[in-house]
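Below is one structure, written out as structure tokens; the observations come after it.
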Amino acid sequence: MRAFDFFTPKTINEAKALLNQYQESASILAGGTDIVIEMNEGHVRPDVVIDIKRLKELEYIRIDGEQIRIGALSTFAMIASHPVIQERVRVLCQAASTVGSPQIRNLGTIGGNLATSSVAGDGVSAMMTLNASVVLDSVRGKRTVPLAEFLEGKGVSNRNALLADEIMTEIFFDLPDDHTATAFYKLAKRKSLAISVIGAGILVQVDDAGICTKASLRGGCLSRYPLHFKEAEAHLLGEKITRELLEETLPMLHDAVYESAKSRPWSVFYKKESVQGVYRKLFDAILEQLNGKSNE
Amino acid sequence: MAKEYSVIGKSKVKVDGLEKVLGTTKFASDYSLPDMLYGRVFRSTVPHATVKKLYLEKARALDGVEAVLDYHDIPGKNRFGIIIKDEPCLVDDKIRRYGDALAVVAAKSPEILEEALALIEVDYDEIEPIFTFERALEADAPIIHGTTNIHQVKHLECGNVDEAFKKCDIIIENVYSTHRLSHMFIEPDAGIAYYDDDGLMTVVASTQNPHYDRNEVASLLGLPYNQVRVIQAATGGAFGGKLDISVQCHCALLTYHTRKPVKMVRSRSESTMVSAKRHPMTIEAKTGATRDGMLMAMEVKICSDTGAYASYGPAVITRAMVHCTGPYSIPNVRADATFVYTNNPMSGAFRGFGVPQVAVCHEGQMNALARKIGMDPVEIRIRNAHQIGSKLTTGQILENSVGFIETLEKAREKAAEVLS
Amino acid sequence: MNKISISLNLNGEDRVIDVFPNRRVVDLLREDFKLTSVKEGCSEGECGACTVIFNGDAVTTCCMLAGQADQSTIITLEGLAKNGELDVLQQCFLDEGAVQCGYCTPGMILTAKALLMKNSSPTEEEIKVGMSGNLCRCTGYEKIHAAVKNAVEIYKQKLEQGGESIG
């Protein structure tokens, strides 16, 4: 591995100062499960590595009124085992518990997953389904960016809006209420140690009459960033959620994946079929949750 | 009354189990010796080319580098291979696959080694690469070895196939193809070479084939066999993939020139790139039977890609061909097999030596026949199964240990039990 | 490049070492501390052979930089047997024949150990998920699973008899 200098800041301010000093020549090390592999293979060659994993101040999961705020250095294992996330935010719980392997979930962080912005990032798909926002911090001050905007940004890595002197410190989103069901399904070659082929999320909110008041469908690994199934969402809004209504969106999912995949290698073309199977499973999950809730 | 044995029928603790649960078992990469150097190979990044020039000077000049060798530094014979000696230790005439070895480097630390490899450059004269069986056989295709891209052609025939087909009630014709597979043994290839106290060139390696390795190292260095010793370290899985030479010759060559111990440990990607693969095959099959499901005739054409080097290709072609009928008695059989060289990764030994590939074909044919006749798929197999006294396509008579029918019946019982 | 100082508790002993930062934890343990039970299989966190117990969690050391080991507590397979006596998991792997080539074994045992340290009576499913980050290419999963199950039972009996706890 190429030579570099290694820093272990004790506070977030120290970390921001180091980033301000070294800018593009520095790489941030959070869990390390992506960047250390890249460095070992020589694909990433930083002069300076700043290990922020010890900043315990960025390792938390807090319920803050109507929102959940997650410190960027919270690991997937922490997220998957958090009781409120298990109970109320299944899309995130399920995504977090299918990332990599138990060992990777013990190291990998949600902030690292979002900042890496991989096509196959399960955390990215789940957080997009939840319409999350991220907080970016630097010596210049903090800024809050919706995740969708963050992913479209052209920052230091050209993968997202993160600038050379910035650290992602927090991710937050609205805590799904009693009338909201969410789910995540990962299609992959194996159950474990597998990169997603499709990592899809769904969120559906209904009113007392069962009419859809909010819908969010995002499919990871179907385009550069989680594919937004806008037509399907519009089809659900204002209608009573039934299996029939949900299944009416399947051709829309097919067409959206077709549009996204048609300019890509033929080897991903099958996904226009498999996306429908994936969403059938997600529909089962949310119908079960919504019916369970109405029976309570 | 059943005889009591001391081992058979008993649950015994493995002789090497204790060391393995303690983690003290030494695999090749766990060896370290005083003054040891770290070695690695500089490999081609094109599949088919001649080398115009290899620039080794900068790497040689780097502090901490003890040897940078190319084919000129080989004192003996620069060819190895289990059956046909067609693979160079270091490329001399031309590159035949992505990842062919061009130079070897030994350095005092893994970090210096990495730096040295980055300083090596090469100019290629590229040749059209051949990636398919079909292209390899075309008249204008470049030749990979010698005068033809045909590696081997074999033919096996018994009975009168053409006459027998005329008498069949049902004929099934299909084409099957199987893909290239990597063994993915969990321990990447590794080894360490050194001169022992008696001055013997010694190689400790992760290998399945120490005797053969000894001969290859001796031939490479121009030494008599009794001057070379190869020791098999505990080996972390192989499945046929560690029958070929991996690091043994490169390590030994570096030790020969530096007189120091040299350790080489392949990365996972290097291991996967250059270790042998399962032969991908395309199998055309025509099977004829009577209305009551008795097999009468079979005709099989097997085409396979043995990649850049022969490795165990000559063994695989024979095994695939003689096993093409599977465990079924067929009186009239014609099998033709053609293996070609390409610029793909080399194909070699992998659990079954070609037999699993043809099993895809003969079992597919049996299912297709059963469906067409409307017969139970187990029944049609039992009806045609080899038993004691059956004659194989090769003429061999089976004299004992033919448990196929019993196995099928047991499997059927078990399946009924599980499914009920 | 400046060397960094790493202080850690390694297999129950406090150790301090100065190393260049461009090594991974797997290199630190194998090359600098000569703890060769830690195996490198894939170098990308896919196979689990390099697993150790790091601050109580199973982690793959091929995706960690040496510096991340500073101020940590690490247990490798060398640290499991106490005074020549095998850990219950080691004994169960041995008795069950859950060892073939032995290359995945250190990672398997340590992953199981970390699992049991957190959850002393895992269900079958929890064992399967817990062990899902370790590959065995000789296909000994049935026996490995049985070995972990047996260990759970033995620990349970030991606890009932007022004996030592798992971790």
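Residue numbering restarts at 1 for every chain of the structure tokens, chains are lettered A, B, ... in their displayed order, and ligands are numbered from 1 as they appear.
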Review point. A:Gly210: which residues within 8 Å, counting only C-alpha atoms, same-chain residues fewer than 3 positions away excluded, as a PyMOL selection string?
Key: chain A and resi 206-207+240-241
Based on the selection just made, write N, CA and C atoms of those residues as a PDB file, in the first residue's frame.
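Wrote selection_23.pdb, looks like this:
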ATOM      1  N   VAL A 206     -51.054   5.936   5.039  1.00  0.00           N
ATOM      2  CA  VAL A 206     -52.491   6.005   4.740  1.00  0.00           C
ATOM      3  C   VAL A 206     -53.205   6.812   5.822  1.00  0.00           C
ATOM      4  N   ASP A 207     -54.389   7.296   5.507  1.00  0.00           N
ATOM      5  CA  ASP A 207     -55.192   7.969   6.535  1.00  0.00           C
ATOM      6  C   ASP A 207     -56.115   6.943   7.192  1.00  0.00           C
ATOM      7  N   LYS A 240     -57.318   4.203  -2.309  1.00  0.00           N
ATOM      8  CA  LYS A 240     -57.326   3.267  -1.187  1.00  0.00           C
ATOM      9  C   LYS A 240     -56.313   2.142  -1.471  1.00  0.00           C
ATOM     10  N   ILE A 241     -55.441   1.893  -0.491  1.00  0.00           N
ATOM     11  CA  ILE A 241     -54.379   0.896  -0.698  1.00  0.00           C
ATOM     12  C   ILE A 241     -54.949  -0.531  -0.607  1.00  0.00           C
TER      13      ILE A 241
END
If you run DSSP on the backbone, which residues of chain C are helix (DSSP H, G or I), as a VMD selection string?
chain C and resid 25 to 32 61 to 63 66 to 69 77 to 79 88 to 96 105 to 118 124 to 130 141 to 160
- [ ] Using only C-alpha atoms, find the residues of chain B whose closest atom to chain A is at most 10 Å away, then write them as a ChimeraX atom specification.
- [x] /B:110-112,114-115,267,269
Using only C-alpha atoms, the residue out of A:Ala194, A:Leu107, A:Ala148, A:Ala126 with shortest distance to C:Asn55 is A:Leu107
Kindly provide the residues of chain C that approach chain B to within 6 Å, each paired with its closest atom pair and their distance in Å to one decimal, based on only C-alpha atoms, listed by chain and increasing number, as JSON lines.
{"residue": "C:Thr36", "atom": "CA", "partner": "B:Asp30", "partner_atom": "CA", "distance": 5.9}
{"residue": "C:Ser37", "atom": "CA", "partner": "B:Gly23", "partner_atom": "CA", "distance": 4.5}
{"residue": "C:Gly41", "atom": "CA", "partner": "B:Glu187", "partner_atom": "CA", "distance": 5.4}
{"residue": "C:Cys42", "atom": "CA", "partner": "B:Arg268", "partner_atom": "CA", "distance": 5.4}
{"residue": "C:Gln90", "atom": "CA", "partner": "B:Val21", "partner_atom": "CA", "distance": 5.5}
{"residue": "C:Leu94", "atom": "CA", "partner": "B:Gly17", "partner_atom": "CA", "distance": 5.9}
{"residue": "C:Cys101", "atom": "CA", "partner": "B:Gly236", "partner_atom": "CA", "distance": 5.1}
{"residue": "C:Gly102", "atom": "CA", "partner": "B:Lys20", "partner_atom": "CA", "distance": 5.4}
{"residue": "C:Tyr103", "atom": "CA", "partner": "B:Gly236", "partner_atom": "CA", "distance": 5.2}
| Long-range neighbours of stretch 43-52 of chain A as a list in words, 6 Å cut-off, only C-alpha atoms, 4 positions minimum in chain |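 My list of contacting residues is Phe4, Asp5, Phe6, Phe7, Thr8, Ser25, Ala26, Ser27, Ile28, Leu29, Ala30, Glu38 and Met39 of chain A.
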Requested write-out: N, CA, C and O atoms of the selected residues, as a PDB file, in the first residue's frame:
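Generated output (result15.pdb):
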ATOM      1  N   PHE A   4       1.336   7.033   3.349  1.00  0.00           N
ATOM      2  CA  PHE A   4       0.488   8.192   3.678  1.00  0.00           C
ATOM      3  C   PHE A   4       0.691   8.519   5.149  1.00  0.00           C
ATOM      4  O   PHE A   4       1.230   7.712   5.908  1.00  0.00           O
ATOM      5  N   ASP A   5       0.279   9.712   5.537  1.00  0.00           N
ATOM      6  CA  ASP A   5       0.300  10.063   6.958  1.00  0.00           C
ATOM      7  C   ASP A   5      -1.078   9.834   7.543  1.00  0.00           C
ATOM      8  O   ASP A   5      -2.092  10.000   6.866  1.00  0.00           O
ATOM      9  N   PHE A   6      -1.082   9.419   8.797  1.00  0.00           N
ATOM     10  CA  PHE A   6      -2.324   8.964   9.436  1.00  0.00           C
ATOM     11  C   PHE A   6      -2.623   9.855  10.644  1.00  0.00           C
ATOM     12  O   PHE A   6      -1.774  10.049  11.502  1.00  0.00           O
ATOM     13  N   PHE A   7      -3.819  10.403  10.665  1.00  0.00           N
ATOM     14  CA  PHE A   7      -4.211  11.242  11.795  1.00  0.00           C
ATOM     15  C   PHE A   7      -5.454  10.697  12.479  1.00  0.00           C
ATOM     16  O   PHE A   7      -6.356  10.184  11.808  1.00  0.00           O
ATOM     17  N   THR A   8      -5.461  10.825  13.791  1.00  0.00           N
ATOM     18  CA  THR A   8      -6.611  10.383  14.573  1.00  0.00           C
ATOM     19  C   THR A   8      -7.125  11.550  15.405  1.00  0.00           C
ATOM     20  O   THR A   8      -6.757  11.690  16.569  1.00  0.00           O
ATOM     21  N   SER A  25      -6.084  16.125  -0.792  1.00  0.00           N
ATOM     22  CA  SER A  25      -5.056  15.101  -0.593  1.00  0.00           C
ATOM     23  C   SER A  25      -5.405  14.175   0.571  1.00  0.00           C
ATOM     24  O   SER A  25      -4.724  13.178   0.797  1.00  0.00           O
ATOM     25  N   ALA A  26      -6.470  14.520   1.311  1.00  0.00           N
ATOM     26  CA  ALA A  26      -6.860  13.685   2.454  1.00  0.00           C
ATOM     27  C   ALA A  26      -8.043  12.795   2.110  1.00  0.00           C
ATOM     28  O   ALA A  26      -8.894  13.157   1.306  1.00  0.00           O
ATOM     29  N   SER A  27      -8.059  11.619   2.720  1.00  0.00           N
ATOM     30  CA  SER A  27      -9.237  10.758   2.657  1.00  0.00           C
ATOM     31  C   SER A  27      -9.747  10.534   4.068  1.00  0.00           C
ATOM     32  O   SER A  27      -8.944  10.355   4.990  1.00  0.00           O
ATOM     33  N   ILE A  28     -11.068  10.538   4.191  1.00  0.00           N
ATOM     34  CA  ILE A  28     -11.652  10.258   5.501  1.00  0.00           C
ATOM     35  C   ILE A  28     -11.831   8.757   5.648  1.00  0.00           C
ATOM     36  O   ILE A  28     -12.305   8.080   4.737  1.00  0.00           O
ATOM     37  N   LEU A  29     -11.440   8.249   6.818  1.00  0.00           N
ATOM     38  CA  LEU A  29     -11.641   6.831   7.133  1.00  0.00           C
ATOM     39  C   LEU A  29     -12.745   6.753   8.182  1.00  0.00           C
ATOM     40  O   LEU A  29     -12.587   7.263   9.292  1.00  0.00           O
ATOM     41  N   ALA A  30     -13.868   6.145   7.822  1.00  0.00           N
ATOM     42  CA  ALA A  30     -14.939   5.943   8.815  1.00  0.00           C
ATOM     43  C   ALA A  30     -14.858   4.480   9.242  1.00  0.00           C
ATOM     44  O   ALA A  30     -13.988   4.103  10.004  1.00  0.00           O
ATOM     45  N   GLU A  38      -9.965  -0.391  -1.380  1.00  0.00           N
ATOM     46  CA  GLU A  38      -9.568   0.423  -2.542  1.00  0.00           C
ATOM     47  C   GLU A  38      -8.100   0.858  -2.428  1.00  0.00           C
ATOM     48  O   GLU A  38      -7.369   0.870  -3.415  1.00  0.00           O
ATOM     49  N   MET A  39      -7.688   1.224  -1.231  1.00  0.00           N
ATOM     50  CA  MET A  39      -6.300   1.644  -1.025  1.00  0.00           C
ATOM     51  C   MET A  39      -5.352   0.465  -1.204  1.00  0.00           C
ATOM     52  O   MET A  39      -4.291   0.579  -1.806  1.00  0.00           O
TER      53      MET A  39
END
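A straight line drawn from atom CA of B:Asn149 to atom CA of B:Asn343 is 10.5 Å long.
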For this session: Tell me, as a PyMOL selection string, which residues lie within 8 Å of stretch 51-65 of chain B, counting only C-alpha atoms; anything in the same chain fewer than 2 positions away does not count.
Result: chain B and resi 49+67-68+93-95+105-109+112-113+116-117+119-125
Taking 2 positions as the minimum chain separation for residues in the same chain, which residues sit within 12 Å of B:Cys251 when counting only C-alpha atoms? Answer as an NGL selection string.
:B and (36-41 or 67 or 69 or 89 or 103-106 or 189-195 or 201-205 or 213 or 217 or 220-221 or 230 or 245-249 or 253-266)
- prompt: Closest to B:Thr290 among B:Asn226, B:Asn384, B:Thr338, B:Asn344, using only C-alpha atoms?
  reply: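 Looking only at the distances to B:Thr290, the closest residue turns out to be B:Asn384.
Minimum atom-to-atom distances from C:Ile17, C:Leu10, C:Ile127, C:Ala98 to chain A were compared using only C-alpha atoms, and the lowest value belongs to C:Ile127.
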* Within stretch 129-188 of chain B, find each residue whose DSSP state, derived from the backbone, is strand (DSSP E or B), and express the selection as a ChimeraX atom specification. => /B:150-158,170-178,181-182
How would the residues just picked look written out with N, CA and C atoms as an mmCIF file, in the first residue's frame?
data_model
loop_
_atom_site.group_PDB
_atom_site.id
_atom_site.type_symbol
_atom_site.label_atom_id
_atom_site.label_comp_id
_atom_site.auth_asym_id
_atom_site.auth_seq_id
_atom_site.Cartn_x
_atom_site.Cartn_y
_atom_site.Cartn_z
ATOM 1 N N ILE B 150 -5.720 -26.483 -32.757
ATOM 2 C CA ILE B 150 -6.338 -27.680 -32.193
ATOM 3 C C ILE B 150 -5.393 -28.266 -31.157
ATOM 4 N N HIS B 151 -5.888 -28.361 -29.944
ATOM 5 C CA HIS B 151 -5.077 -28.921 -28.861
ATOM 6 C C HIS B 151 -5.111 -30.442 -28.961
ATOM 7 N N GLN B 152 -6.317 -31.021 -29.019
ATOM 8 C CA GLN B 152 -6.435 -32.467 -29.213
ATOM 9 C C GLN B 152 -7.773 -32.798 -29.859
ATOM 10 N N VAL B 153 -7.787 -33.887 -30.620
ATOM 11 C CA VAL B 153 -9.027 -34.423 -31.178
ATOM 12 C C VAL B 153 -9.063 -35.894 -30.796
ATOM 13 N N LYS B 154 -10.197 -36.345 -30.266
ATOM 14 C CA LYS B 154 -10.290 -37.763 -29.892
ATOM 15 C C LYS B 154 -11.608 -38.346 -30.394
ATOM 16 N N HIS B 155 -11.570 -39.629 -30.671
ATOM 17 C CA HIS B 155 -12.729 -40.301 -31.229
ATOM 18 C C HIS B 155 -12.903 -41.629 -30.509
ATOM 19 N N LEU B 156 -14.154 -41.960 -30.196
ATOM 20 C CA LEU B 156 -14.455 -43.227 -29.529
ATOM 21 C C LEU B 156 -15.701 -43.801 -30.189
ATOM 22 N N GLU B 157 -15.665 -45.072 -30.558
ATOM 23 C CA GLU B 157 -16.830 -45.629 -31.232
ATOM 24 C C GLU B 157 -17.005 -47.086 -30.838
ATOM 25 N N CYS B 158 -18.249 -47.488 -30.638
ATOM 26 C CA CYS B 158 -18.529 -48.909 -30.464
ATOM 27 C C CYS B 158 -19.873 -49.234 -31.105
ATOM 28 N N ILE B 170 -37.578 -43.403 -30.939
ATOM 29 C CA ILE B 170 -37.513 -42.011 -30.486
ATOM 30 C C ILE B 170 -36.068 -41.525 -30.516
ATOM 31 N N ILE B 171 -35.890 -40.321 -31.049
ATOM 32 C CA ILE B 171 -34.549 -39.729 -31.061
ATOM 33 C C ILE B 171 -34.631 -38.332 -30.456
ATOM 34 N N ILE B 172 -33.738 -38.064 -29.525
ATOM 35 C CA ILE B 172 -33.710 -36.750 -28.865
ATOM 36 C C ILE B 172 -32.390 -36.072 -29.243
ATOM 37 N N GLU B 173 -32.490 -34.829 -29.717
ATOM 38 C CA GLU B 173 -31.262 -34.088 -30.034
ATOM 39 C C GLU B 173 -31.253 -32.763 -29.278
ATOM 40 N N ASN B 174 -30.141 -32.493 -28.600
ATOM 41 C CA ASN B 174 -30.022 -31.244 -27.847
ATOM 42 C C ASN B 174 -28.574 -30.762 -27.846
ATOM 43 N N VAL B 175 -28.421 -29.478 -27.536
ATOM 44 C CA VAL B 175 -27.074 -28.918 -27.363
ATOM 45 C C VAL B 175 -26.985 -28.366 -25.943
ATOM 46 N N TYR B 176 -25.921 -28.727 -25.242
ATOM 47 C CA TYR B 176 -25.725 -28.275 -23.865
ATOM 48 C C TYR B 176 -24.454 -27.451 -23.803
ATOM 49 N N SER B 177 -24.490 -26.374 -23.008
ATOM 50 C CA SER B 177 -23.203 -25.713 -22.784
ATOM 51 C C SER B 177 -22.997 -25.432 -21.312
ATOM 52 N N THR B 178 -21.754 -25.621 -20.886
ATOM 53 C CA THR B 178 -21.400 -25.383 -19.479
ATOM 54 C C THR B 178 -20.338 -24.287 -19.464
ATOM 55 N N LEU B 181 -15.340 -22.228 -14.730
ATOM 56 C CA LEU B 181 -15.514 -22.069 -13.278
ATOM 57 C C LEU B 181 -14.155 -21.946 -12.597
ATOM 58 N N SER B 182 -14.116 -21.149 -11.558
ATOM 59 C CA SER B 182 -12.885 -21.024 -10.779
ATOM 60 C C SER B 182 -13.039 -21.822 -9.481
#
